[in-house]
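First comes the structure, then the notes that go with it.
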Amino acid sequence: MPESVEQANASLRLVPAVERAVRLLDLLAAAGRPLPLAELTRELQLPKSSLHGLLATLVALGLARREPDGLFGLGLKPLQWAEAFSAQSDLLRSFDAHAGSFAELEPETVMLAVLEGDQVVYLSCRQGSRPLAVNFRVGGRFPASCTSSGKAMLASLPDAQVRDILGTGPLPRMTRHGVQTLDALQEQLALARNRGYAIDDEETAQGMQCFGAPIHAARQPNSVGAVAVSLIKAGLTGQRRDQIIAAITELARRISTTLGG
C-alpha cells in the first residue's frame, strides 16, 4: 500500500505546519467540490481555530480559495505547479511528441500514466473522437489492478514487490469483470510480461476495453510509466484489435527510446 502522511511522519521528522497544509490540500483536491469549514475540521481532526488560520494562509498564497458562500476549494497556484511539472518532465514531453504519430490511434483516447502505490495517476490524456463511459483526466486515479496501464507497470515488478504494494486481501473492483485475488492478477501479469502489453477487459467500465504498454528509461530496472488506449469493445474486430495493440506498444517503445530505455 502507498505510504500515508502519517506513516511517513513516523519514519521521518516532518515540519508539522507543512504536513497539515499538505493534508488539507490533498483533501481539497480529492473532494472534487468546495468544502465547508466544518467538514474540513471533521475530516482532518484539527481544531477549528488552527484550521481557520491555515486556510487563511493558503488562500493568501493562492493555494486555496474561499467561495462567496464560505466554502473552500483549491486555488490557481497548484495549476501553475502542474504546468511547470509538465514543462520539466521528459516523460510528458516525449508522450506529447509521439502520441499523435499513429493513425490507428487517432479516433481513440490515449493516456499516459505513472504508478503511485497501488494506484495509477494520469499525467496526460489525448481524448479521442469516440465517447467513452469513463472520463479520463489529468490527475485522475484508478486502482492499478483494474487498468491496463497499471497492470503493464505492475508486470515490470517482481511478484514479491507486487504483493507488497497490493497486499494479500481482496482487490478493489470497478465492475463485475474485475480481478478479485492477487493470484489471479499475478496470472494476468505473467501474460503481460510475455506479450509486452496488458489488457483491461471491461474492468474499468462495462463495454470498454483498454490496452497498455510499459515505458522504460535508462538505468531504471522497473517501468517509469505506461501508455494505454481505451476504446469501445462492441464491434472491435480482430484486425482492428491487432492494429491498436501494435500501435500502443510501438508508442511505448518510441517513448522508451527517447528516455534511453
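We name chains A, B, ... following the order of the C-alpha cells; residues begin at 1 in each chain, and ligands are numbered from 1 as shown.
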Margin query: Report as a ChimeraX atom specification all protein, DNA and RNA residues lying within 12 Å of Gln206 in chain A, evaluated on only C-alpha atoms, omitting residues in the same chain fewer than 6 positions from it.
Written below: /A:132-134,174-178,200,230-234
Atoms kept (N, CA and C atoms) for selection, written as a tab-separated table (two decimals), in the first residue's frame:
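The new file part.tsv reads:
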```tsv
chain	number	residue	atom	x	y	z
A	132	LEU	N	-16.51	7.69	-24.38
A	132	LEU	CA	-16.28	6.54	-23.52
A	132	LEU	C	-17.13	6.66	-22.26
A	133	ALA	N	-17.27	5.53	-21.56
A	133	ALA	CA	-18.04	5.52	-20.32
A	133	ALA	C	-17.26	6.17	-19.18
A	134	VAL	N	-15.94	6.31	-19.35
A	134	VAL	CA	-15.09	6.89	-18.31
A	134	VAL	C	-14.47	8.17	-18.83
A	174	MET	N	-13.97	-2.34	-9.99
A	174	MET	CA	-14.79	-1.26	-10.51
A	174	MET	C	-16.00	-1.80	-11.28
A	175	THR	N	-15.91	-3.02	-11.76
A	175	THR	CA	-17.02	-3.71	-12.42
A	175	THR	C	-17.00	-5.17	-12.00
A	176	ARG	N	-18.02	-5.91	-12.41
A	176	ARG	CA	-18.07	-7.34	-12.06
A	176	ARG	C	-17.00	-8.14	-12.78
A	177	HIS	N	-16.35	-7.54	-13.78
A	177	HIS	CA	-15.31	-8.24	-14.52
A	177	HIS	C	-13.94	-8.10	-13.86
A	178	GLY	N	-13.83	-7.28	-12.84
A	178	GLY	CA	-12.54	-7.03	-12.22
A	178	GLY	C	-11.96	-8.26	-11.55
A	200	ASP	N	-7.16	-4.50	-20.08
A	200	ASP	CA	-8.29	-4.24	-19.18
A	200	ASP	C	-9.54	-4.57	-19.99
A	230	SER	N	-7.91	3.36	-24.80
A	230	SER	CA	-9.22	2.87	-24.39
A	230	SER	C	-10.20	3.02	-25.54
A	231	LEU	N	-11.03	2.01	-25.74
A	231	LEU	CA	-11.98	2.05	-26.85
A	231	LEU	C	-13.21	1.21	-26.53
A	232	ILE	N	-14.24	1.43	-27.30
A	232	ILE	CA	-15.48	0.69	-27.13
A	232	ILE	C	-15.27	-0.73	-27.64
A	233	LYS	N	-15.66	-1.70	-26.85
A	233	LYS	CA	-15.42	-3.10	-27.20
A	233	LYS	C	-16.36	-3.58	-28.30
A	234	ALA	N	-17.58	-3.11	-28.30
A	234	ALA	CA	-18.56	-3.56	-29.29
A	234	ALA	C	-18.07	-3.24	-30.71
```
Margin query: DSSP on the backbone: which residues in range 136-220 of chain A end up as strand (DSSP E or B)? Give the answer as a PyMOL selection string.
Written below: chain A and resi 141-143+198-201+208-215+217
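The gap separating CA of Gly128 in chain A from CA of Glu108 in chain A is 4.2 Å, in Å to one decimal.
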Margin query: Could you pull out the helix (DSSP H, G or I) residues of range 148-197 of chain A, going by DSSP on the backbone, and write them as JSON, numbers by chain?
Written below: {"A": [148, 149, 150, 151, 152, 153, 154, 159, 160, 161, 162, 163, 164, 165, 166, 182, 183, 184, 185, 186, 187, 188, 189, 190, 191, 192, 193, 194, 195]}
Take the residues from that selection and put them in a file with C-alpha atoms, as a PDB file, in the first residue's frame.
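Just written: out_19.pdb:
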```
ATOM      1  CA  SER A 148      -4.230  -1.860 -18.465  1.00  0.00           C
ATOM      2  CA  SER A 149      -1.631   0.818 -17.720  1.00  0.00           C
ATOM      3  CA  GLY A 150      -1.477  -0.248 -14.078  1.00  0.00           C
ATOM      4  CA  LYS A 151      -1.078  -3.900 -14.988  1.00  0.00           C
ATOM      5  CA  ALA A 152       1.610  -3.034 -17.552  1.00  0.00           C
ATOM      6  CA  MET A 153       3.626  -1.262 -14.860  1.00  0.00           C
ATOM      7  CA  LEU A 154       2.998  -3.900 -12.189  1.00  0.00           C
ATOM      8  CA  ASP A 159       5.959 -10.799  -7.785  1.00  0.00           C
ATOM      9  CA  ALA A 160       7.088 -10.120  -4.209  1.00  0.00           C
ATOM     10  CA  GLN A 161       7.066  -6.357  -4.807  1.00  0.00           C
ATOM     11  CA  VAL A 162       3.597  -6.538  -6.361  1.00  0.00           C
ATOM     12  CA  ARG A 163       2.446  -8.362  -3.234  1.00  0.00           C
ATOM     13  CA  ASP A 164       3.964  -5.675  -1.015  1.00  0.00           C
ATOM     14  CA  ILE A 165       2.156  -2.967  -2.979  1.00  0.00           C
ATOM     15  CA  LEU A 166      -1.260  -4.594  -3.257  1.00  0.00           C
ATOM     16  CA  LEU A 182      -3.767 -11.406  -6.105  1.00  0.00           C
ATOM     17  CA  ASP A 183      -3.139 -14.886  -7.504  1.00  0.00           C
ATOM     18  CA  ALA A 184      -5.494 -14.224 -10.423  1.00  0.00           C
ATOM     19  CA  LEU A 185      -3.842 -10.870 -11.041  1.00  0.00           C
ATOM     20  CA  GLN A 186      -0.378 -12.454 -10.983  1.00  0.00           C
ATOM     21  CA  GLU A 187      -1.501 -14.759 -13.788  1.00  0.00           C
ATOM     22  CA  GLN A 188      -2.510 -11.714 -15.849  1.00  0.00           C
ATOM     23  CA  LEU A 189       0.797 -10.017 -15.081  1.00  0.00           C
ATOM     24  CA  ALA A 190       2.735 -13.092 -16.239  1.00  0.00           C
ATOM     25  CA  LEU A 191       0.896 -12.943 -19.565  1.00  0.00           C
ATOM     26  CA  ALA A 192       1.574  -9.210 -19.820  1.00  0.00           C
ATOM     27  CA  ARG A 193       5.317  -9.763 -19.309  1.00  0.00           C
ATOM     28  CA  ASN A 194       5.384 -12.301 -22.127  1.00  0.00           C
ATOM     29  CA  ARG A 195       3.255 -10.262 -24.532  1.00  0.00           C
TER      30      ARG A 195
END
```
Next item on the list: Please provide the set of residues having any atom within 10 Å of range 30-33 of chain A, restricted to only C-alpha atoms, with same-chain residues fewer than 6 positions apart removed, written as a ChimeraX atom specification.
Entry: /A:24,71-74,140-141
For N, CA and C atoms, I'd like the residues from the last selection saved as a PDB file, in the first residue's frame.
```pdb
ATOM      1  N   LEU A  24      -4.373  19.096   4.135  1.00  0.00           N
ATOM      2  CA  LEU A  24      -5.520  19.931   3.788  1.00  0.00           C
ATOM      3  C   LEU A  24      -5.659  20.052   2.271  1.00  0.00           C
ATOM      4  N   LEU A  71     -17.390  28.387   1.366  1.00  0.00           N
ATOM      5  CA  LEU A  71     -16.774  27.094   1.113  1.00  0.00           C
ATOM      6  C   LEU A  71     -15.341  27.284   0.616  1.00  0.00           C
ATOM      7  N   PHE A  72     -14.526  26.233   0.789  1.00  0.00           N
ATOM      8  CA  PHE A  72     -13.119  26.308   0.402  1.00  0.00           C
ATOM      9  C   PHE A  72     -12.795  25.275  -0.683  1.00  0.00           C
ATOM     10  N   GLY A  73     -11.981  25.705  -1.662  1.00  0.00           N
ATOM     11  CA  GLY A  73     -11.527  24.815  -2.722  1.00  0.00           C
ATOM     12  C   GLY A  73     -10.080  25.110  -3.058  1.00  0.00           C
ATOM     13  N   LEU A  74      -9.534  24.377  -4.021  1.00  0.00           N
ATOM     14  CA  LEU A  74      -8.168  24.618  -4.449  1.00  0.00           C
ATOM     15  C   LEU A  74      -8.056  25.966  -5.165  1.00  0.00           C
ATOM     16  N   GLY A 140      -6.287  12.243 -12.569  1.00  0.00           N
ATOM     17  CA  GLY A 140      -7.231  11.209 -12.155  1.00  0.00           C
ATOM     18  C   GLY A 140      -6.520   9.946 -11.691  1.00  0.00           C
ATOM     19  N   ARG A 141      -7.173   9.196 -10.838  1.00  0.00           N
ATOM     20  CA  ARG A 141      -6.589   7.987 -10.253  1.00  0.00           C
ATOM     21  C   ARG A 141      -7.565   6.822 -10.378  1.00  0.00           C
TER      22      ARG A 141
END
```
Check: Near Leu236 in chain A, within 12 Å and counting only C-alpha atoms, which residues show up once chain neighbours fewer than 6 positions away are dropped, as a list in words?
Finding: Gly207, Met208, Gln209, Cys210, Ser230, Asp242, Gln243 and Ile244 of chain A
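Distance-wise, CA of Ile245 in chain A and CA of Glu202 in chain A end up 16.3 Å apart.
Each of A:Val22, A:Leu76, A:Asn222, A:Pro36 was compared to Pro158 in chain A using only C-alpha atoms, and A:Asn222 turns out to be the nearest.
Shortest atom-to-atom contact with Pro170 in chain A among A:Ser223, A:Ser101, A:Ser145, A:Thr204: A:Ser145, counting only C-alpha atoms.
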Next item on the list: Pick out the residues sitting within 9 Å of Thr258 in chain A, and hand them over as a PyMOL selection string; count only C-alpha atoms, and ignore anything fewer than 2 positions along from it in its own chain.
Entry: chain A and resi 90-91+94+217+253-256+260-261
Next item on the list: Quick one: everything within 6 Å of Ala228 in chain A, counting only C-alpha atoms, minus sequence neighbours fewer than 5 positions away in the same chain. Send it as a ChimeraX atom specification.
Entry: /A:110-111,149,211-212
Write the residues you've just listed into a file as a PDB file, in the first residue's frame, and include C-alpha atoms for each of them.
```
ATOM      1  CA  VAL A 110      -4.752   7.625 -25.317  1.00  0.00           C
ATOM      2  CA  MET A 111      -3.371   8.136 -21.801  1.00  0.00           C
ATOM      3  CA  SER A 149      -1.631   0.818 -17.720  1.00  0.00           C
ATOM      4  CA  PHE A 211      -4.538  -1.984 -23.887  1.00  0.00           C
ATOM      5  CA  GLY A 212      -1.474  -0.686 -22.047  1.00  0.00           C
TER       6      GLY A 212
END
```
